[in-house]
Amino acid sequence: MTRTPQNISDELLDAARRAGAEAADAIVIDGSSVSVEVHGGALEHAERSEATDLGLRVFLGKRQAIVSSSDSRPETLKAMAERAVAMAREAPEDPFTGLAEPDQLITDWDMDALELFDTAPEPSAEALMQDALAAEAAALEVAGVSQVSDAASAYGTHRVHLAATNGFSGGYMRSSRSTSCVAISGEGTGMERDYDGDSRTFQSDLRSPAEIGRTAGERAVQIVGARKPQTGSFPVVFDERISSSLIGHLLAASNGAAIARGASWLKESLGQQVLPSHLSLIEDPHRPRISGSRPFDAEGLATHRRAIVEDGVLTGWTLDLSSARKLEMSSTGNAARGVSGPPSPSNWNLSLTPGDKTRADLLRDMGTGLLVTSMIGSTINPNTGDYSRGASGFWVENGEITHPVNECTIAGNLRDMLMRTIPANDARVYLSRVVPSLLIEGMTLAGN
């Protein structure tokens with residue numbers, strides 16, 4: 001009989017009980033993937049992988065230990081449980097650890113409504129290769145593209161099952177389909193590169209390889225001849241491609257683990273305004289066909305839609321059970337975990353209130369400043385919110401793009417930056433993080 005992730009997780013719990021654990025939870029992830037890369041019109045690399053990863057967490061009072069493996073044989077499960085219990089006996093006590101109470105657990109969910117798995121036939125390696133070749137060919141057709149460094153296509157599925165001695169048992173399946181392309185323009189020391197790609201749950205939703213390749217090529221050509229901008233204080237538009245990173249810094253600062261450690265520039269900001277009053281940041285883990293959707297978290301608690309920021313005001317922290325206990329609050333159903341570590345708070349699907357202007361409108365309103373399309377490196381002070389990142393993109397004069405720029409640094413303070421946020425209306429609604437281009441005035445640019 002074929003053993004499913006649910007079978008294996010149940011066997012892990014039985015092994016933990018026999019080894020002397022007072023409580024335990026187990027997570028099993030069973031996945032397969034196939035990926036293809038092409039170069040110069042020919043296959044360069046093809047890979048198929050199948051793996052089952054398992055993690056077991058055991059409790060002895062307020063002591064916990066975690067072990068993981070990729071071997072699901074019964075003798076291995078027995079050894080895992082015995083090792084975990086032995087480790088727990090030597091572990092320090094953690095007053096905030098422990099499983100959810102039975103009355104906290106989700107008891108019913110509608111998996112079909114989330115549409116996490118595409119039932120269409122798995123694409124063949126040949127079909128994936130043809131998609132990658134089509135993306136490469138489309139990029140090379142763009143005038144000014146000298147080569148394509150990488151064109152790839154992939155498909156994967158995985159099953160997740162979580163079970164615990166508090167009575168929870170639940171799992172789900174996911175599928176993913178992606179195509180990407182990296183194009184290079186120019187020659188010698190004047191070469192520039194840029195990319196495009198798409199990843200979806202359903203193959204039928206994926207953008208065409210030709211569109212992806214063409215966009216990668218056009219982006220690479222547009223940045224030829226980039227030079228440093230002038231140094232000074234200027235408005236900056238964060239392109240929709242990278243604007244979600246700004247919201248990511250807000251999420252990191254409102255993460256319950258950071259708040260419990262006291263290592264957050266938002267630690268005294270609960271109930272205070274952190275965004276302009278017309279903006280809200282909504283988390284919705286129940287959006288169909290989106291990679292961040294899930295019916296329950298890694299501790300068996302129901303996920304739910306919530307406003308992290310409502311009308312500019314920070315309404316709450318992102319919490320798992322441990323961080324909630326430390327802060328004397330309730331979990332928000334945001335626990336995430338892999339097989340080798342304990343749960344920790346994480347965010348699901350997010351969307352920022354859009355504006356009523358296009359990106360072109362923001363550039364026009366900005367006048368003279370920087371349009372950022374790519375960033376590298378990061379220096380973020382988690383306690384003060386001081387922000388500094390390397391950036392490249394386009395210089396804007398009188399509301400019009402004049403030339404590409406690179407090798408510059410943009411800096412400011414996240415608290416001040418977010419309060420000056422002006423959103424466009426160009427967010428891609430099929431992403432897990434739906435954030436439009438953002439205009440922020442008065443940033444420091446270091447260039448020439």
# chains A, B, ... in the order shown; residues from 1 in each chain; ligands from 1

$ residues_around --residues "A:Leu321" --least-positions-apart "4" --cutoff "12 Å" --atoms "only C-alpha atoms" --output "MDAnalysis selection string"
chainID A and resid 95:101 104:105 256:257 297:301 325:336 342:346

$ select_by_dssp --residues "stretch 26-223 of chain A" --states "strand (DSSP E)" --output "VMD selection string"
chain A and resid 26 to 39 42 to 60 63 to 69 145 to 164 169 to 185 192 to 200

$ closest_residue --among "A:Asn7, A:Ser245, A:Gln64, A:Ser432" --to "A:Ala88" --atoms "only C-alpha atoms"
A:Gln64

$ residues_around --residues "stretch 355-358 of chain A" --least-positions-apart "6" --cutoff "12 Å" --atoms "only C-alpha atoms" --output "PyMOL selection string"
chain A and resi 237+239-240+276+278-280+364-365+421-427+435-439

$ residues_around --residues "stretch 137-150 of chain A" --least-positions-apart "4" --cutoff "12 Å" --atoms "only C-alpha atoms" --output "PDB file with N, CA, C and O atoms, in the first residue's frame"
ATOM      1  N   VAL A  36      13.454  22.795 -16.883  1.00  0.00           N
ATOM      2  CA  VAL A  36      14.237  22.751 -18.119  1.00  0.00           C
ATOM      3  C   VAL A  36      14.854  24.117 -18.355  1.00  0.00           C
ATOM      4  O   VAL A  36      14.184  25.142 -18.198  1.00  0.00           O
ATOM      5  N   GLU A  37      16.136  24.146 -18.733  1.00  0.00           N
ATOM      6  CA  GLU A  37      16.811  25.382 -19.111  1.00  0.00           C
ATOM      7  C   GLU A  37      17.378  25.222 -20.509  1.00  0.00           C
ATOM      8  O   GLU A  37      17.899  24.151 -20.860  1.00  0.00           O
ATOM      9  N   VAL A  38      17.297  26.275 -21.318  1.00  0.00           N
ATOM     10  CA  VAL A  38      17.827  26.242 -22.680  1.00  0.00           C
ATOM     11  C   VAL A  38      18.808  27.390 -22.871  1.00  0.00           C
ATOM     12  O   VAL A  38      18.765  28.397 -22.160  1.00  0.00           O
ATOM     13  N   HIS A  39      19.686  27.224 -23.830  1.00  0.00           N
ATOM     14  CA  HIS A  39      20.637  28.281 -24.189  1.00  0.00           C
ATOM     15  C   HIS A  39      21.062  28.073 -25.637  1.00  0.00           C
ATOM     16  O   HIS A  39      21.380  26.954 -26.040  1.00  0.00           O
ATOM     17  N   GLY A  40      21.053  29.149 -26.404  1.00  0.00           N
ATOM     18  CA  GLY A  40      21.469  29.063 -27.803  1.00  0.00           C
ATOM     19  C   GLY A  40      20.592  28.172 -28.640  1.00  0.00           C
ATOM     20  O   GLY A  40      21.064  27.530 -29.589  1.00  0.00           O
ATOM     21  N   GLY A  41      19.310  28.107 -28.327  1.00  0.00           N
ATOM     22  CA  GLY A  41      18.385  27.313 -29.113  1.00  0.00           C
ATOM     23  C   GLY A  41      18.424  25.825 -28.834  1.00  0.00           C
ATOM     24  O   GLY A  41      17.818  25.037 -29.572  1.00  0.00           O
ATOM     25  N   ALA A  42      19.120  25.422 -27.776  1.00  0.00           N
ATOM     26  CA  ALA A  42      19.234  23.998 -27.468  1.00  0.00           C
ATOM     27  C   ALA A  42      19.076  23.768 -25.972  1.00  0.00           C
ATOM     28  O   ALA A  42      19.292  24.669 -25.155  1.00  0.00           O
ATOM     29  N   LEU A  43      18.735  22.534 -25.638  1.00  0.00           N
ATOM     30  CA  LEU A  43      18.598  22.161 -24.236  1.00  0.00           C
ATOM     31  C   LEU A  43      19.948  22.261 -23.527  1.00  0.00           C
ATOM     32  O   LEU A  43      20.948  21.736 -24.004  1.00  0.00           O
ATOM     33  N   GLU A  44      19.974  22.934 -22.383  1.00  0.00           N
ATOM     34  CA  GLU A  44      21.201  23.044 -21.603  1.00  0.00           C
ATOM     35  C   GLU A  44      21.142  22.217 -20.326  1.00  0.00           C
ATOM     36  O   GLU A  44      22.121  21.627 -19.908  1.00  0.00           O
ATOM     37  N   HIS A  45      19.964  22.177 -19.696  1.00  0.00           N
ATOM     38  CA  HIS A  45      19.861  21.445 -18.436  1.00  0.00           C
ATOM     39  C   HIS A  45      18.411  21.018 -18.218  1.00  0.00           C
ATOM     40  O   HIS A  45      17.484  21.793 -18.452  1.00  0.00           O
ATOM     41  N   GLN A 130       9.961  23.575 -25.078  1.00  0.00           N
ATOM     42  CA  GLN A 130       9.439  24.430 -26.136  1.00  0.00           C
ATOM     43  C   GLN A 130       9.035  25.803 -25.609  1.00  0.00           C
ATOM     44  O   GLN A 130       9.233  26.820 -26.279  1.00  0.00           O
ATOM     45  N   ASP A 131       8.498  25.846 -24.395  1.00  0.00           N
ATOM     46  CA  ASP A 131       8.174  27.140 -23.795  1.00  0.00           C
ATOM     47  C   ASP A 131       9.436  27.952 -23.540  1.00  0.00           C
ATOM     48  O   ASP A 131       9.489  29.160 -23.800  1.00  0.00           O
ATOM     49  N   ALA A 132      10.465  27.307 -23.004  1.00  0.00           N
ATOM     50  CA  ALA A 132      11.720  28.015 -22.744  1.00  0.00           C
ATOM     51  C   ALA A 132      12.347  28.497 -24.038  1.00  0.00           C
ATOM     52  O   ALA A 132      12.863  29.627 -24.122  1.00  0.00           O
ATOM     53  N   LEU A 133      12.329  27.658 -25.086  1.00  0.00           N
ATOM     54  CA  LEU A 133      12.873  28.065 -26.386  1.00  0.00           C
ATOM     55  C   LEU A 133      12.095  29.231 -26.979  1.00  0.00           C
ATOM     56  O   LEU A 133      12.677  30.142 -27.584  1.00  0.00           O
ATOM     57  N   THR A 179       7.624  30.186 -16.091  1.00  0.00           N
ATOM     58  CA  THR A 179       8.511  30.432 -17.225  1.00  0.00           C
ATOM     59  C   THR A 179       9.268  31.714 -16.939  1.00  0.00           C
ATOM     60  O   THR A 179       8.694  32.668 -16.409  1.00  0.00           O
ATOM     61  N   SER A 180      10.568  31.743 -17.292  1.00  0.00           N
ATOM     62  CA  SER A 180      11.370  32.941 -17.038  1.00  0.00           C
ATOM     63  C   SER A 180      12.406  33.111 -18.129  1.00  0.00           C
ATOM     64  O   SER A 180      12.750  32.167 -18.851  1.00  0.00           O
ATOM     65  N   CYS A 181      12.914  34.340 -18.231  1.00  0.00           N
ATOM     66  CA  CYS A 181      13.916  34.647 -19.250  1.00  0.00           C
ATOM     67  C   CYS A 181      14.783  35.796 -18.766  1.00  0.00           C
ATOM     68  O   CYS A 181      14.278  36.776 -18.209  1.00  0.00           O
ATOM     69  N   VAL A 182      16.114  35.685 -18.966  1.00  0.00           N
ATOM     70  CA  VAL A 182      17.064  36.746 -18.653  1.00  0.00           C
ATOM     71  C   VAL A 182      17.776  37.133 -19.937  1.00  0.00           C
ATOM     72  O   VAL A 182      18.453  36.297 -20.551  1.00  0.00           O
ATOM     73  N   ALA A 183      17.612  38.384 -20.351  1.00  0.00           N
ATOM     74  CA  ALA A 183      18.194  38.867 -21.604  1.00  0.00           C
ATOM     75  C   ALA A 183      19.352  39.807 -21.318  1.00  0.00           C
ATOM     76  O   ALA A 183      19.379  40.502 -20.299  1.00  0.00           O
ATOM     77  N   ILE A 184      20.319  39.843 -22.258  1.00  0.00           N
ATOM     78  CA  ILE A 184      21.492  40.709 -22.147  1.00  0.00           C
ATOM     79  C   ILE A 184      21.572  41.602 -23.374  1.00  0.00           C
ATOM     80  O   ILE A 184      21.424  41.131 -24.513  1.00  0.00           O
ATOM     81  N   SER A 185      21.811  42.875 -23.145  1.00  0.00           N
ATOM     82  CA  SER A 185      21.965  43.838 -24.229  1.00  0.00           C
ATOM     83  C   SER A 185      23.366  44.403 -24.207  1.00  0.00           C
ATOM     84  O   SER A 185      24.059  44.351 -23.182  1.00  0.00           O
ATOM     85  N   GLY A 186      23.804  44.971 -25.312  1.00  0.00           N
ATOM     86  CA  GLY A 186      25.117  45.610 -25.375  1.00  0.00           C
ATOM     87  C   GLY A 186      26.247  44.608 -25.512  1.00  0.00           C
ATOM     88  O   GLY A 186      26.040  43.394 -25.598  1.00  0.00           O
ATOM     89  N   GLU A 187      27.470  45.136 -25.533  1.00  0.00           N
ATOM     90  CA  GLU A 187      28.662  44.322 -25.696  1.00  0.00           C
ATOM     91  C   GLU A 187      29.725  44.737 -24.685  1.00  0.00           C
ATOM     92  O   GLU A 187      29.756  45.875 -24.222  1.00  0.00           O
ATOM     93  N   GLY A 188      30.634  43.801 -24.375  1.00  0.00           N
ATOM     94  CA  GLY A 188      31.782  44.106 -23.527  1.00  0.00           C
ATOM     95  C   GLY A 188      31.385  44.676 -22.187  1.00  0.00           C
ATOM     96  O   GLY A 188      30.473  44.193 -21.515  1.00  0.00           O
ATOM     97  N   GLY A 190      29.857  47.287 -21.664  1.00  0.00           N
ATOM     98  CA  GLY A 190      28.583  48.000 -21.724  1.00  0.00           C
ATOM     99  C   GLY A 190      27.372  47.088 -21.668  1.00  0.00           C
ATOM    100  O   GLY A 190      26.247  47.538 -21.918  1.00  0.00           O
ATOM    101  N   MET A 191      27.580  45.829 -21.335  1.00  0.00           N
ATOM    102  CA  MET A 191      26.453  44.894 -21.294  1.00  0.00           C
ATOM    103  C   MET A 191      25.547  45.162 -20.091  1.00  0.00           C
ATOM    104  O   MET A 191      26.021  45.515 -19.017  1.00  0.00           O
ATOM    105  N   GLU A 192      24.263  44.994 -20.310  1.00  0.00           N
ATOM    106  CA  GLU A 192      23.262  45.119 -19.257  1.00  0.00           C
ATOM    107  C   GLU A 192      22.330  43.921 -19.341  1.00  0.00           C
ATOM    108  O   GLU A 192      22.139  43.342 -20.415  1.00  0.00           O
ATOM    109  N   ARG A 193      21.739  43.569 -18.212  1.00  0.00           N
ATOM    110  CA  ARG A 193      20.805  42.446 -18.215  1.00  0.00           C
ATOM    111  C   ARG A 193      19.533  42.822 -17.477  1.00  0.00           C
ATOM    112  O   ARG A 193      19.541  43.646 -16.563  1.00  0.00           O
ATOM    113  N   ASP A 194      18.446  42.188 -17.894  1.00  0.00           N
ATOM    114  CA  ASP A 194      17.181  42.319 -17.180  1.00  0.00           C
ATOM    115  C   ASP A 194      16.373  41.060 -17.455  1.00  0.00           C
ATOM    116  O   ASP A 194      16.773  40.208 -18.250  1.00  0.00           O
ATOM    117  N   TYR A 195      15.239  40.947 -16.824  1.00  0.00           N
ATOM    118  CA  TYR A 195      14.518  39.681 -16.845  1.00  0.00           C
ATOM    119  C   TYR A 195      13.015  39.917 -16.879  1.00  0.00           C
ATOM    120  O   TYR A 195      12.507  41.016 -16.643  1.00  0.00           O
ATOM    121  N   ASP A 196      12.308  38.828 -17.115  1.00  0.00           N
ATOM    122  CA  ASP A 196      10.870  38.775 -16.866  1.00  0.00           C
ATOM    123  C   ASP A 196      10.530  37.319 -16.578  1.00  0.00           C
ATOM    124  O   ASP A 196      11.264  36.400 -16.967  1.00  0.00           O
ATOM    125  N   GLY A 197       9.450  37.100 -15.884  1.00  0.00           N
ATOM    126  CA  GLY A 197       9.026  35.747 -15.556  1.00  0.00           C
ATOM    127  C   GLY A 197       7.618  35.744 -15.013  1.00  0.00           C
ATOM    128  O   GLY A 197       7.055  36.781 -14.675  1.00  0.00           O
ATOM    129  N   SER A 208       2.165  34.069 -21.822  1.00  0.00           N
ATOM    130  CA  SER A 208       2.795  33.318 -22.904  1.00  0.00           C
ATOM    131  C   SER A 208       4.311  33.460 -22.858  1.00  0.00           C
ATOM    132  O   SER A 208       4.849  34.511 -22.457  1.00  0.00           O
ATOM    133  N   PRO A 209       5.039  32.417 -23.267  1.00  0.00           N
ATOM    134  CA  PRO A 209       6.504  32.503 -23.308  1.00  0.00           C
ATOM    135  C   PRO A 209       6.995  33.641 -24.190  1.00  0.00           C
ATOM    136  O   PRO A 209       7.992  34.296 -23.857  1.00  0.00           O
ATOM    137  N   ALA A 210       6.305  33.894 -25.296  1.00  0.00           N
ATOM    138  CA  ALA A 210       6.723  34.967 -26.194  1.00  0.00           C
ATOM    139  C   ALA A 210       6.642  36.326 -25.509  1.00  0.00           C
ATOM    140  O   ALA A 210       7.537  37.171 -25.660  1.00  0.00           O
ATOM    141  N   GLU A 211       5.585  36.542 -24.740  1.00  0.00           N
ATOM    142  CA  GLU A 211       5.447  37.813 -24.029  1.00  0.00           C
ATOM    143  C   GLU A 211       6.539  37.967 -22.978  1.00  0.00           C
ATOM    144  O   GLU A 211       7.132  39.038 -22.810  1.00  0.00           O
ATOM    145  N   ILE A 212       6.827  36.874 -22.266  1.00  0.00           N
ATOM    146  CA  ILE A 212       7.854  36.921 -21.228  1.00  0.00           C
ATOM    147  C   ILE A 212       9.220  37.210 -21.837  1.00  0.00           C
ATOM    148  O   ILE A 212       9.977  38.056 -21.346  1.00  0.00           O
ATOM    149  N   GLY A 213       9.570  36.523 -22.917  1.00  0.00           N
ATOM    150  CA  GLY A 213      10.850  36.761 -23.567  1.00  0.00           C
ATOM    151  C   GLY A 213      10.964  38.151 -24.145  1.00  0.00           C
ATOM    152  O   GLY A 213      12.008  38.815 -24.008  1.00  0.00           O
ATOM    153  N   ARG A 214       9.914  38.599 -24.799  1.00  0.00           N
ATOM    154  CA  ARG A 214       9.934  39.952 -25.398  1.00  0.00           C
ATOM    155  C   ARG A 214      10.104  41.015 -24.318  1.00  0.00           C
ATOM    156  O   ARG A 214      10.901  41.954 -24.477  1.00  0.00           O
ATOM    157  N   THR A 215       9.390  40.882 -23.216  1.00  0.00           N
ATOM    158  CA  THR A 215       9.494  41.867 -22.135  1.00  0.00           C
ATOM    159  C   THR A 215      10.894  41.878 -21.535  1.00  0.00           C
ATOM    160  O   THR A 215      11.459  42.940 -21.253  1.00  0.00           O
ATOM    161  N   ALA A 216      11.483  40.693 -21.335  1.00  0.00           N
ATOM    162  CA  ALA A 216      12.850  40.623 -20.815  1.00  0.00           C
ATOM    163  C   ALA A 216      13.813  41.336 -21.749  1.00  0.00           C
ATOM    164  O   ALA A 216      14.692  42.088 -21.303  1.00  0.00           O
ATOM    165  N   GLY A 217      13.649  41.111 -23.051  1.00  0.00           N
ATOM    166  CA  GLY A 217      14.524  41.765 -24.020  1.00  0.00           C
ATOM    167  C   GLY A 217      14.364  43.268 -24.037  1.00  0.00           C
ATOM    168  O   GLY A 217      15.350  44.018 -24.060  1.00  0.00           O
ATOM    169  N   GLU A 218      13.132  43.729 -24.024  1.00  0.00           N
ATOM    170  CA  GLU A 218      12.882  45.169 -24.039  1.00  0.00           C
ATOM    171  C   GLU A 218      13.445  45.843 -22.792  1.00  0.00           C
ATOM    172  O   GLU A 218      14.011  46.938 -22.867  1.00  0.00           O
ATOM    173  N   ARG A 219      13.306  45.193 -21.662  1.00  0.00           N
ATOM    174  CA  ARG A 219      13.836  45.769 -20.426  1.00  0.00           C
ATOM    175  C   ARG A 219      15.360  45.852 -20.474  1.00  0.00           C
ATOM    176  O   ARG A 219      15.951  46.838 -20.004  1.00  0.00           O
ATOM    177  N   ALA A 220      16.009  44.827 -21.023  1.00  0.00           N
ATOM    178  CA  ALA A 220      17.469  44.835 -21.097  1.00  0.00           C
ATOM    179  C   ALA A 220      17.976  45.943 -22.015  1.00  0.00           C
ATOM    180  O   ALA A 220      18.982  46.597 -21.731  1.00  0.00           O
ATOM    181  N   VAL A 221      17.275  46.171 -23.106  1.00  0.00           N
ATOM    182  CA  VAL A 221      17.689  47.210 -24.061  1.00  0.00           C
ATOM    183  C   VAL A 221      17.498  48.608 -23.478  1.00  0.00           C
ATOM    184  O   VAL A 221      18.309  49.515 -23.699  1.00  0.00           O
ATOM    185  N   GLN A 222      16.439  48.782 -22.709  1.00  0.00           N
ATOM    186  CA  GLN A 222      16.129  50.105 -22.161  1.00  0.00           C
ATOM    187  C   GLN A 222      17.191  50.632 -21.207  1.00  0.00           C
ATOM    188  O   GLN A 222      17.309  51.838 -21.006  1.00  0.00           O
ATOM    189  N   ILE A 223      17.988  49.743 -20.588  1.00  0.00           N
ATOM    190  CA  ILE A 223      18.950  50.208 -19.590  1.00  0.00           C
ATOM    191  C   ILE A 223      20.370  50.326 -20.137  1.00  0.00           C
ATOM    192  O   ILE A 223      21.314  50.557 -19.381  1.00  0.00           O
ATOM    193  N   VAL A 224      20.545  50.199 -21.448  1.00  0.00           N
ATOM    194  CA  VAL A 224      21.866  50.396 -22.049  1.00  0.00           C
ATOM    195  C   VAL A 224      22.297  51.852 -21.859  1.00  0.00           C
ATOM    196  O   VAL A 224      21.505  52.781 -22.036  1.00  0.00           O
TER     197      VAL A 224
END

$ residues_around --residues "A:Leu251" --least-positions-apart "5" --cutoff "9 Å" --atoms "only C-alpha atoms" --output "MDAnalysis selection string"
chainID A and resid 246 308 317:318 346:347

$ atom_distance --atom1 "atom CA of A:Arg73" --atom2 "atom CA of A:Ile8"
9.1 Å

$ decode --residues "stretch 347-356 of chain A" --atoms "all heavy atoms" --output "tab-separated table (two decimals), in the first residue's frame"
chain	number	residue	atom	x	y	z
A	347	ASN	N	3.46	36.16	7.02
A	347	ASN	CA	2.27	36.72	6.38
A	347	ASN	C	1.87	35.92	5.16
A	347	ASN	O	2.71	35.28	4.51
A	347	ASN	CB	2.50	38.17	5.99
A	347	ASN	CG	2.58	39.09	7.19
A	347	ASN	OD1	3.66	39.51	7.59
A	347	ASN	ND2	1.43	39.38	7.77
A	348	TRP	N	0.58	35.98	4.82
A	348	TRP	CA	0.05	35.31	3.65
A	348	TRP	C	-0.14	36.33	2.53
A	348	TRP	O	0.68	37.20	2.34
A	348	TRP	CB	-1.24	34.57	4.00
A	348	TRP	CG	-1.21	33.81	5.30
A	348	TRP	CD1	-2.13	33.85	6.30
A	348	TRP	CD2	-0.21	32.87	5.76
A	348	TRP	NE1	-1.78	33.02	7.35
A	348	TRP	CE2	-0.60	32.41	7.04
A	348	TRP	CE3	0.99	32.40	5.22
A	348	TRP	CZ2	0.14	31.48	7.77
A	348	TRP	CZ3	1.74	31.48	5.96
A	348	TRP	CH2	1.31	31.03	7.19
A	349	ASN	N	-1.23	36.23	1.78
A	349	ASN	CA	-1.48	37.17	0.67
A	349	ASN	C	-1.76	38.57	1.20
A	349	ASN	O	-2.50	38.73	2.17
A	349	ASN	CB	-2.68	36.72	-0.16
A	349	ASN	CG	-2.51	35.32	-0.70
A	349	ASN	OD1	-1.44	34.95	-1.16
A	349	ASN	ND2	-3.58	34.53	-0.65
A	350	LEU	N	-1.21	39.58	0.52
A	350	LEU	CA	-1.37	40.96	0.98
A	350	LEU	C	-1.74	41.86	-0.18
A	350	LEU	O	-1.33	41.64	-1.32
A	350	LEU	CB	-0.07	41.46	1.62
A	350	LEU	CG	0.33	40.69	2.88
A	350	LEU	CD1	1.83	40.67	3.03
A	350	LEU	CD2	-0.32	41.32	4.09
A	351	SER	N	-2.49	42.90	0.12
A	351	SER	CA	-2.81	43.91	-0.90
A	351	SER	C	-2.87	45.28	-0.24
A	351	SER	O	-3.43	45.45	0.84
A	351	SER	CB	-4.13	43.59	-1.59
A	351	SER	OG	-5.21	43.56	-0.67
A	352	LEU	N	-2.26	46.24	-0.92
A	352	LEU	CA	-2.27	47.63	-0.48
A	352	LEU	C	-3.30	48.39	-1.28
A	352	LEU	O	-3.44	48.19	-2.49
A	352	LEU	CB	-0.88	48.25	-0.68
A	352	LEU	CG	-0.71	49.70	-0.23
A	352	LEU	CD1	-0.74	49.80	1.29
A	352	LEU	CD2	0.59	50.28	-0.78
A	353	THR	N	-4.03	49.26	-0.63
A	353	THR	CA	-5.03	50.08	-1.33
A	353	THR	C	-4.40	50.77	-2.54
A	353	THR	O	-3.39	51.47	-2.41
A	353	THR	CB	-5.60	51.16	-0.40
A	353	THR	OG1	-6.11	50.53	0.79
A	353	THR	CG2	-6.70	51.94	-1.09
A	354	PRO	N	-4.97	50.59	-3.74
A	354	PRO	CA	-4.40	51.25	-4.91
A	354	PRO	C	-4.79	52.72	-4.97
A	354	PRO	O	-5.76	53.15	-4.32
A	354	PRO	CB	-5.01	50.48	-6.08
A	354	PRO	CG	-6.35	50.01	-5.54
A	354	PRO	CD	-6.11	49.72	-4.08
A	355	GLY	N	-4.04	53.48	-5.75
A	355	GLY	CA	-4.39	54.87	-5.98
A	355	GLY	C	-5.28	54.99	-7.20
A	355	GLY	O	-5.75	54.00	-7.76
A	356	ASP	N	-5.51	56.22	-7.64
A	356	ASP	CA	-6.33	56.45	-8.83
A	356	ASP	C	-5.52	56.99	-9.99
A	356	ASP	O	-6.08	57.48	-10.97
A	356	ASP	CB	-7.49	57.42	-8.50
A	356	ASP	CG	-6.98	58.74	-7.93
A	356	ASP	OD1	-5.75	58.95	-7.86
A	356	ASP	OD2	-7.84	59.57	-7.54
